[in-house]
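See below for the structure under consideration.
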Amino acid sequence: MQTNKIWLLAPRMGGNEQKYIQEAFDSNWIAPLGPNLDYFEHDLETYLGSHHVAVLNSGTAAIHLGLILLGVQAGDVVICQSMTFSASANPILYLGATPVFIDSESETWNLCPIALEEAIIDSISKGVRPKVIIAVHLYGTPYKIEAIRAVANKYAIPILEDSAEALGSSYKGQKCGTFGDVAVFSFNGSKIITTSGGGAIITNSAALKERAVFLATQAKDDAPHYQHSEIGYNYRMSTICAGIGRGQMEVLGQHIGLKRAMHDFYAELFKDIKGVAVFEVPNTNYEANYWLSTILIHPKETNGITREIVRLALEEENIESRPLWKPMHLQPVFCNYPYYGGSIAATLFDNGLCLPSGCNLTKADCDRIKNVILKLFRKRK
Ligand SMILES: *Cc1c(COP(=O)(O)O)cnc(C)c1O
């Protein structure tokens with residue numbers, strides 16, 4: 001039987017994206033400058049409330065500029081959540097700084113405040129105050145906002161909030177992207193809204209936004225000729241991509257609803273399956289966008305069914321699933337940098353699986369996923 005592939009994630013267009021792209025063509029604003037950029041930034045600023053947003057050509061670029069805005073230079077120490085996508089950590093190395101990786105805690109799977117403080121104390125005892133803390137809202141679940149902020153403030157270290165996966169999530173009613181000293185979003189093809197490729201840097205002052213745009217557009221001094229007093233970057237978003245972003249902002253709420261429906265589908269599917277837990281937020285303070293639905297498998301309770309067995313059973317039926325992010329301290333490229341904590345992130349990686357969570361999955365797709373799972377766990381419903 002030939003069946004279509006069910007992807008882990010796929011973009012979903014709202015309908016007006018092409019209209020806004022057409023506007024860029026009609027007005028000949030085919031550049032990283034023009035009305036679509038202003039509108040898209042305005043939409044994001046309105047959504048967040050009182051913050052300032054500069055849209056860029058990737059989330060990675062936003063993290064790179066964020067570290068620069070927070071003063072990171074060669075030789076500095078930057079603390080980073082170990083369990084994340086490599087794009088959280090790579091810009092530390094772009095700047096010649098040294099990453100120090102931190103374990104997760106088991107409730108949100110994000111930065112462990114205890115291991116974080118240990119790392120800071122240790123670094124300070126060696127005469128180096130870490131320059132920035134990179135905290136990530138993994139899979140759209142807010143990190144422990146208060147505990148992390150308390151540690152950061154105690155040692156006067158700013159937070160770069162990697163909210164690449166968490167547009168639309170909130171904690172105690174406050175939106176993700178507004179907690180850090182600087183924050184970032186990603187609009188990559190797999191994220192909750194996409195501009196095909198893109199990102200944003202979020203700051204709490206107009207001056208900082210202006211500085212981000214200045215650096216992102218080659219750091220041109222105010223002169224009739226090309227004059228530069230600083231090293232710049234070519235990181236601004238194109239108006240074509242910003243047009244897609246405008247259309248996507250109109251359906252962000254819809255996407256969050258569809259993601260939540262996928263999460264509810266999995267919660268129901270695994271409800272009676274022993275040894276498999278669908279990830280749930282710790283309490284009602286946390287509102288996740290459920291960008292990706294994930295499960296943890298405890299093989300001792302599943303008669304030896306591991307996450308790899310589940311993954312392969314799905315693959316057999318042309319359904320994509322993926323292990324959770326492999327922690328940075330276990331990556332060949334990063335394994336020689338310092339690491340603080342225990343084995344929580346490593347254990348999550350061993351036992352966790354991301355399940356198809358696209359906004360355009362159909363009832364038939366869900367049935368196919370359900371059949372594989374029920375057959376594998378020999379369940380009848
Ligand atoms: C996607 C992602 C990024 C990078 O964003 P790009 O737009 O792909 O460069 C950074 N951090 C995390 C946690 C991500 O998931």
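Residue numbering restarts at 1 in every chain; chains get A, B, ... in the order shown in the structure tokens, and ligands count up from 1 in that same order.
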Exercise answer, 7 Å around ligand 1 with only C-alpha atoms and all ligand atoms, as a count of residues only: 21
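Near Leu93 of chain A, within 10 Å and counting only C-alpha atoms, sit A:His64, A:Ala74, A:Gly75, A:Val78, A:Ala89, A:Asn90, A:Gly96, A:Ala97, A:Thr98, A:Pro99, A:Phe334, not including residues fewer than 3 positions from it in the same chain.
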Nearby residues (only C-alpha atoms) at most 8 Å from Gly189 of chain A, same-chain spacing under 5 positions excluded, as a list in words: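 Counting only C-alpha atoms, the residues come to Ala10, Pro11, Thr194, Thr195, Ser196 and Gly197 of chain A.
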Residues flagged alpha helix (DSSP H) by DSSP in segment 63-118 of chain A, as a list in words: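 Residues of segment 63-118 of chain A classed as alpha helix (DSSP H): Ile63, His64, Leu65, Gly66, Leu67, Ile68, Leu69, Asn90, Pro91, Ile92, Leu93, Tyr94, Pro113, Ile114, Ala115, Leu116, Glu117 and Glu118 of chain A.
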Polymer residues at most 10 Å from Gly66 of chain A, only C-alpha atoms, same-chain spacing of 4 or more positions, as number ranges by chain: A: 60-62, 70-72, 91, 132, 159-162, 181-184, 201-203, 208, 212
Go ahead and save the picked residues with C-alpha atoms, as a PDB file, in the first residue's frame.
```pdb
ATOM      1  CA  THR A  60      20.304  31.928  14.628  1.00  0.00           C
ATOM      2  CA  ALA A  61      21.170  35.447  13.421  1.00  0.00           C
ATOM      3  CA  ALA A  62      18.936  36.803  16.194  1.00  0.00           C
ATOM      4  CA  LEU A  70      24.575  41.839  25.609  1.00  0.00           C
ATOM      5  CA  GLY A  71      28.281  42.522  25.234  1.00  0.00           C
ATOM      6  CA  VAL A  72      29.704  39.050  24.601  1.00  0.00           C
ATOM      7  CA  PRO A  91      26.676  31.779  18.022  1.00  0.00           C
ATOM      8  CA  VAL A 132      25.070  35.773  29.466  1.00  0.00           C
ATOM      9  CA  ILE A 159      19.311  36.353  30.117  1.00  0.00           C
ATOM     10  CA  LEU A 160      19.076  35.703  26.399  1.00  0.00           C
ATOM     11  CA  GLU A 161      15.659  34.081  26.069  1.00  0.00           C
ATOM     12  CA  ASP A 162      15.645  31.576  23.202  1.00  0.00           C
ATOM     13  CA  ASP A 181      16.954  40.937  28.616  1.00  0.00           C
ATOM     14  CA  VAL A 182      16.946  40.079  24.928  1.00  0.00           C
ATOM     15  CA  ALA A 183      14.764  37.395  23.310  1.00  0.00           C
ATOM     16  CA  VAL A 184      14.517  35.681  19.935  1.00  0.00           C
ATOM     17  CA  ILE A 201      15.120  39.808  18.036  1.00  0.00           C
ATOM     18  CA  ILE A 202      12.983  41.243  20.820  1.00  0.00           C
ATOM     19  CA  THR A 203      14.245  44.023  23.071  1.00  0.00           C
ATOM     20  CA  LEU A 208      18.339  48.549  21.435  1.00  0.00           C
ATOM     21  CA  ALA A 212      20.086  45.549  16.273  1.00  0.00           C
TER      22      ALA A 212
END
```
Which residue of A:Ser170, A:Ser238, A:Gln73, A:Thr46 approaches Tyr94 of chain A most closely, using only C-alpha atoms: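 Going through A:Ser170, A:Ser238, A:Gln73, A:Thr46 one by one, the smallest distance to Tyr94 of chain A is for A:Gln73.
The nearest approach to Thr3 of chain A among the residues A:Leu312, A:Leu252, A:Ile319, A:Leu361, with only C-alpha atoms taken into account, belongs to A:Ile319.
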Near segment 33-40 of chain A, 10 Å: segment 213-285 of chain A residue rows, closest pairs, only C-alpha atoms, as a tab-separated table:
```
residue	atom	partner	partner_atom	distance
A:Thr217	CA	A:Leu33	CA	9.8
A:Arg236	CA	A:Leu33	CA	8.2
A:Met237	CA	A:Leu37	CA	7.5
A:Ser238	CA	A:Leu33	CA	6.8
A:Thr239	CA	A:Asn36	CA	5.4
A:Ile240	CA	A:Asn36	CA	7.7
A:Cys241	CA	A:Asn36	CA	8.6
A:Ala242	CA	A:Leu37	CA	5.4
A:Gly243	CA	A:Asn36	CA	5.4
A:Ile244	CA	A:Phe40	CA	9.0
A:Gly245	CA	A:Phe40	CA	6.2
A:Arg246	CA	A:Phe40	CA	5.1
A:Gly247	CA	A:Phe40	CA	8.9
A:Gln248	CA	A:Phe40	CA	9.5
A:Met249	CA	A:Phe40	CA	8.0
```
For Arg378 of chain A: contacts at 12 Å, only C-alpha atoms, fewer than 2 positions along chain excluded, given as a PyMOL selection string: chain A and resi 272-274+302-303+305+370-376+380-381
Which of segment 119-311 of chain A fall in strand (DSSP E or B), as an MDAnalysis selection string: chainID A and resid 132:136 159:162 170:171 174:175 182:186 199:203 217 234 236 276:278 286:287 293:297
Dump as a short mmCIF file (atom, residue, chain, number, x, y, z; two decimals), in the first residue's frame, selection limited to N, CA and C atoms:
```
data_model
loop_
_atom_site.label_atom_id
_atom_site.label_comp_id
_atom_site.auth_asym_id
_atom_site.auth_seq_id
_atom_site.Cartn_x
_atom_site.Cartn_y
_atom_site.Cartn_z
N VAL A 132 26.48 35.92 29.83
CA VAL A 132 25.07 35.77 29.47
C VAL A 132 24.61 34.36 29.83
N ILE A 133 23.31 34.25 30.14
CA ILE A 133 22.67 32.94 30.32
C ILE A 133 21.70 32.75 29.16
N ILE A 134 21.86 31.67 28.39
CA ILE A 134 20.90 31.36 27.32
C ILE A 134 19.92 30.33 27.85
N ALA A 135 18.66 30.76 28.00
CA ALA A 135 17.60 29.87 28.49
C ALA A 135 16.60 29.63 27.37
N VAL A 136 16.17 28.39 27.22
CA VAL A 136 15.34 27.99 26.07
C VAL A 136 13.97 27.50 26.57
N ILE A 159 19.85 37.57 30.74
CA ILE A 159 19.31 36.35 30.12
C ILE A 159 19.03 36.61 28.65
N LEU A 160 19.53 35.73 27.78
CA LEU A 160 19.08 35.70 26.40
C LEU A 160 18.03 34.60 26.33
N GLU A 161 16.79 35.01 26.07
CA GLU A 161 15.66 34.08 26.07
C GLU A 161 15.48 33.51 24.66
N ASP A 162 15.82 32.23 24.50
CA ASP A 162 15.65 31.58 23.20
C ASP A 162 14.21 31.07 23.12
N SER A 170 2.91 31.20 27.05
CA SER A 170 2.99 32.22 28.08
C SER A 170 3.15 31.60 29.46
N TYR A 171 3.59 32.44 30.39
CA TYR A 171 3.72 32.02 31.79
C TYR A 171 3.02 33.05 32.65
N GLN A 174 1.90 36.10 30.88
CA GLN A 174 2.88 36.95 30.17
C GLN A 174 3.50 36.14 29.03
N LYS A 175 3.59 36.75 27.86
CA LYS A 175 4.00 36.01 26.67
C LYS A 175 5.50 35.70 26.63
N VAL A 182 17.15 40.10 26.37
CA VAL A 182 16.95 40.08 24.93
C VAL A 182 16.30 38.73 24.64
N ALA A 183 15.39 38.68 23.65
CA ALA A 183 14.76 37.40 23.31
C ALA A 183 14.78 37.20 21.80
N VAL A 184 14.55 35.96 21.38
CA VAL A 184 14.52 35.68 19.93
C VAL A 184 13.35 34.76 19.59
N PHE A 185 12.86 34.94 18.36
CA PHE A 185 11.93 33.99 17.75
C PHE A 185 12.58 33.44 16.49
N SER A 186 12.09 32.28 16.06
CA SER A 186 12.47 31.74 14.75
C SER A 186 11.21 31.55 13.93
N GLY A 199 13.69 35.11 11.45
CA GLY A 199 13.74 35.18 12.90
C GLY A 199 13.48 36.59 13.35
N ALA A 200 13.51 36.79 14.66
CA ALA A 200 13.32 38.14 15.21
C ALA A 200 14.09 38.27 16.49
N ILE A 201 14.51 39.50 16.75
CA ILE A 201 15.12 39.81 18.04
C ILE A 201 14.18 40.75 18.76
N ILE A 202 13.94 40.47 20.03
CA ILE A 202 12.98 41.24 20.82
C ILE A 202 13.76 41.94 21.94
N THR A 203 13.54 43.24 22.04
CA THR A 203 14.25 44.02 23.07
C THR A 203 13.23 44.86 23.83
N THR A 217 22.22 45.44 9.26
CA THR A 217 22.27 46.01 7.91
C THR A 217 23.65 46.61 7.64
N ASN A 234 24.85 40.96 7.58
CA ASN A 234 23.75 41.03 6.62
C ASN A 234 22.64 40.10 7.09
N ARG A 236 19.19 41.17 7.93
CA ARG A 236 17.83 41.68 7.90
C ARG A 236 16.93 40.74 7.09
N VAL A 276 4.13 4.93 29.07
CA VAL A 276 4.30 6.03 28.11
C VAL A 276 3.58 7.26 28.66
N ALA A 277 4.30 8.36 28.76
CA ALA A 277 3.70 9.59 29.28
C ALA A 277 3.80 10.69 28.24
N VAL A 278 2.67 11.27 27.88
CA VAL A 278 2.68 12.45 27.01
C VAL A 278 3.08 13.64 27.88
N TYR A 286 1.70 27.62 33.46
CA TYR A 286 2.38 27.43 32.18
C TYR A 286 1.36 27.24 31.07
N GLU A 287 1.47 28.06 30.03
CA GLU A 287 0.64 27.84 28.85
C GLU A 287 1.56 27.59 27.67
N SER A 293 4.35 17.80 20.08
CA SER A 293 3.90 16.87 21.11
C SER A 293 4.99 15.82 21.31
N THR A 294 5.28 15.55 22.57
CA THR A 294 6.38 14.62 22.87
C THR A 294 5.92 13.58 23.89
N ILE A 295 6.56 12.41 23.83
CA ILE A 295 6.29 11.38 24.84
C ILE A 295 7.60 10.92 25.47
N LEU A 296 7.48 10.41 26.69
CA LEU A 296 8.60 9.75 27.36
C LEU A 296 8.19 8.29 27.55
N ILE A 297 9.12 7.40 27.23
CA ILE A 297 8.84 5.97 27.32
C ILE A 297 9.70 5.38 28.43
#
```
Interatomic distance (Å, one decimal) between atom CA of Asp103 of chain A and atom CA of Gly341 of chain A: 4.9 Å
Of the listed residues A:Asn289, A:Ser27, A:Thr178, A:Ser86, that which approaches Ile193 of chain A most closely, counting only C-alpha atoms: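 Distance minimum relative to Ile193 of chain A lands on A:Asn289.
Counting only C-alpha atoms, the residue from A:Pro113, A:Pro142, A:Gly253, A:Gly352 that sits nearest to Gly177 of chain A is A:Pro142.
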Nearest to Glu316 of chain A, chosen from A:Val100, A:Ile369, A:Ala206, A:Ala119, with only C-alpha atoms counted in the distances: A:Ile369
